[in-house]
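Q: Before anything else, here's the structure in question.
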Amino acid sequence: MTKAKLGSIGLSFLVLALLVVWMATGNVREARDEAPEAPPEQEKGVPSVQVDMLRERPYEPALMVQGQLEPWRSVAIGARVAGTVEELMVEQGDRVAEGDVLLRLSEDGRGTAVEQWQSRLRKLEADLAAARRLRARDLTSESEVLTLQSELSAARAELAQARLSMDNLPPQAPFDGTVNRRDVDLGDLVQVGSPLLELVRIDRLKATGQIPQQSVGSVEEGQKVAIRTLDGDTLEGQVSFVASAADRETRSFAVEVTVENPERERVAGASATLRIALPEVRAMFISPAYLSLGDDGRPGLRYVGENNEVVFTTVKLLNVTTDGAWVTGLPEEIRLITRGAGFVSIGQRVRPVSRDSDRG
């Protein structure tokens, strides 16, 4: 079976389901296969149908995506040198600023190593200066000068490494954030790479999700997004990134949304529904009870055309709720057949009777 046929069958089931739900909830306005009473002056052989005048209205469609909220930034801070935890400056939940010292590890003789390499460096600099003076009077070999230069370069590297070890004893916060987790306590012995703390930034969040390939063309950076969490709270954001290539397994495109969270609500890591606002379109709002299927299995509406003939036009369903359905694909204004559609055929000439005049 071809994809087109499968798509038609899917739409058929969708429309059928909508009709069943609408009838079950009692929202069907009037039976569509019941012909309105024909007025005495009706032309012989021309049936009457009841119509409602519908006009297009502005409608802002939206794409619904299931996703999750993540911290704007998150980093696991690990030990860059081995040592013992001697001092803790923060607890879990504390807010820190960029550059704040988070804890301090034991020195373990690193300060002495810095002093030793400083002394070694000064001696080698003096030896090299003397060797160059002697070389200028041809009292020493060029090889001796090169050897001292090499030793001096090595000493400078060792001193830089010793100073770096000292600088890494107190890990600092790489950005403003909150201590989300602390993995060590006073007295713990850590090795290079051991986890120390997790720091997150949550005053701004990042919502992520996957956009189906058939919808990615309607999403671009800057579009507004409403993010609804599982507890019912709503946050506002805007699209900041849309992937240029689809995921190989899901064939969907990654999307990221920047979400401001000045109140620092604890929603990072939670599931959420993303409502991505799409460009405004002109559409009609109808009861799904008036939808029917064409010969190709696509949903459409029957209405009275300019020559009072029954016309069927397929529509695109933009959104369906318990209140009604938004559709496009119709003229700007139509006379929708709301009663008697089951007694007439497409192309047949009819006499339209407005709902208001029928009631009068």
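Starting from 1 in every chain, residues are counted up; chains themselves are A, B, ... following the order of the structure tokens, and ligands are numbered from 1 as listed.
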Which polymer residues have any atom within 10 Å of an atom of range 112-117 of chain A, counting only C-alpha atoms, with same-chain residues fewer than 5 positions away left out, as a list in words?
A: Glu107, Arg122, Lys123, Ala155, Arg156, Ala157, Glu158, Leu159, Ala160, Gln161, Ala162, Arg163, Leu164, Ser165 and Met166 of chain A
Q: Keeping only N, CA and C atoms, write the selected residues as a JSON list (two decimals), in the first residue's frame.
A:
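What ended up in part_18.json:
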[["chain", "number", "residue", "atom", "x", "y", "z"],
["A", 107, "GLU", "N", 48.01, 22.22, 50.36],
["A", 107, "GLU", "CA", 49.15, 22.67, 49.55],
["A", 107, "GLU", "C", 50.12, 21.53, 49.27],
["A", 122, "ARG", "N", 66.67, 31.88, 38.84],
["A", 122, "ARG", "CA", 67.58, 33.01, 38.99],
["A", 122, "ARG", "C", 69.03, 32.59, 38.78],
["A", 123, "LYS", "N", 69.43, 31.42, 39.29],
["A", 123, "LYS", "CA", 70.81, 30.94, 39.13],
["A", 123, "LYS", "C", 71.12, 30.67, 37.66],
["A", 155, "ALA", "N", 63.49, 25.12, 33.30],
["A", 155, "ALA", "CA", 63.21, 25.64, 34.64],
["A", 155, "ALA", "C", 61.99, 26.57, 34.60],
["A", 156, "ARG", "N", 61.91, 27.37, 33.55],
["A", 156, "ARG", "CA", 60.74, 28.26, 33.41],
["A", 156, "ARG", "C", 59.45, 27.46, 33.29],
["A", 157, "ALA", "N", 59.50, 26.37, 32.55],
["A", 157, "ALA", "CA", 58.32, 25.51, 32.39],
["A", 157, "ALA", "C", 57.94, 24.87, 33.72],
["A", 158, "GLU", "N", 58.94, 24.41, 34.48],
["A", 158, "GLU", "CA", 58.66, 23.80, 35.77],
["A", 158, "GLU", "C", 58.07, 24.81, 36.74],
["A", 159, "LEU", "N", 58.56, 26.03, 36.70],
["A", 159, "LEU", "CA", 58.03, 27.07, 37.58],
["A", 159, "LEU", "C", 56.58, 27.39, 37.22],
["A", 160, "ALA", "N", 56.29, 27.48, 35.92],
["A", 160, "ALA", "CA", 54.92, 27.75, 35.49],
["A", 160, "ALA", "C", 53.98, 26.64, 35.95],
["A", 161, "GLN", "N", 54.43, 25.38, 35.87],
["A", 161, "GLN", "CA", 53.61, 24.26, 36.30],
["A", 161, "GLN", "C", 53.39, 24.29, 37.80],
["A", 162, "ALA", "N", 54.42, 24.65, 38.56],
["A", 162, "ALA", "CA", 54.30, 24.72, 40.02],
["A", 162, "ALA", "C", 53.32, 25.83, 40.42],
["A", 163, "ARG", "N", 53.40, 26.96, 39.73],
["A", 163, "ARG", "CA", 52.47, 28.05, 40.02],
["A", 163, "ARG", "C", 51.03, 27.67, 39.66],
["A", 164, "LEU", "N", 50.86, 26.94, 38.53],
["A", 164, "LEU", "CA", 49.53, 26.52, 38.12],
["A", 164, "LEU", "C", 48.91, 25.58, 39.15],
["A", 165, "SER", "N", 49.74, 24.69, 39.71],
["A", 165, "SER", "CA", 49.25, 23.78, 40.75],
["A", 165, "SER", "C", 48.76, 24.56, 41.96],
["A", 166, "MET", "N", 49.48, 25.62, 42.31],
["A", 166, "MET", "CA", 49.05, 26.45, 43.43],
["A", 166, "MET", "C", 47.74, 27.17, 43.10]]
Q: Got a sec: who's within 7 Å of Val225 in chain A, counting only C-alpha atoms, leaving out chain neighbours fewer than 3 positions off, as a ChimeraX atom specification?
A: /A:236-239,274-277
Q: List as number ranges by chain the protein and nucleic acid residues near Thr250 in chain A, meaning an atom at most 9 Å away when only C-alpha atoms are counted, but skip any in the same chain fewer than 4 places from it.
A: A: 210, 212, 246
Q: Which neighbours of Pro71 in chain A fall inside 9 Å, counting only C-alpha atoms, when residues of the same chain fewer than 6 positions from it are skipped, and could you give them as a PyMOL selection string?
A: chain A and resi 200-207+267-269
Q: Per DSSP on the backbone, what are the helix (DSSP H, G or I) residues of range 43-292 of chain A, as a ChimeraX atom specification?
A: /A:110-136,142-167,216-218,288-290
Q: In Å, rounded to a single decimal, give me how far CA of Thr314 in chain A is from CA of Ile211 in chain A.
A: 25.9 Å
Q: Work out how far apart CA of Pro47 in chain A and CA of Tyr303 in chain A are and give it in Å to one decimal.
A: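 Pair CA of Pro47 in chain A / CA of Tyr303 in chain A returns 14.0 Å.
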Q: Enumerate as number ranges by chain all residues of range 185-296 of chain A assigned to strand (DSSP E) by DSSP on the backbone, naming them with the chain letters and numbers the document uses.
A: A: 189-190, 195-211, 224-229, 234-242, 253-260, 271-277, 281-286, 292-293
Q: Residues near Leu318 in chain A, anyone? I mean within 9 Å using only C-alpha atoms, not counting same-chain ones fewer than 6 positions away, as an MDAnalysis selection string.
A: chainID A and resid 61:62 283 325:328
Q: Could you save those same residues with N, CA and C atoms as a tab-separated table (two decimals), in the first residue's frame?
A:
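As a result, selection.tsv now contains:
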chain	number	residue	atom	x	y	z
A	61	PRO	N	-1.63	29.92	14.22
A	61	PRO	CA	-1.43	28.49	14.48
A	61	PRO	C	-0.22	28.27	15.37
A	62	ALA	N	-0.09	27.08	15.88
A	62	ALA	CA	1.03	26.75	16.75
A	62	ALA	C	1.44	25.30	16.52
A	283	ALA	N	-8.10	31.91	8.45
A	283	ALA	CA	-8.73	30.60	8.58
A	283	ALA	C	-10.17	30.75	9.03
A	325	ALA	N	-12.94	23.54	15.20
A	325	ALA	CA	-11.75	23.28	14.39
A	325	ALA	C	-11.43	24.49	13.53
A	326	TRP	N	-10.14	24.80	13.42
A	326	TRP	CA	-9.67	25.85	12.52
A	326	TRP	C	-9.19	25.18	11.24
A	327	VAL	N	-9.69	25.69	10.09
A	327	VAL	CA	-9.35	25.09	8.79
A	327	VAL	C	-8.97	26.17	7.81
A	328	THR	N	-8.17	25.80	6.82
A	328	THR	CA	-7.83	26.69	5.71
A	328	THR	C	-8.07	25.95	4.40
Q: From the list A:Tyr59, A:Ser48, A:Lys316, A:Leu199, which residue is nearest Val281 in chain A when using only C-alpha atoms?
A: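 Using only C-alpha atoms, Val281 in chain A sits closest to A:Tyr59.
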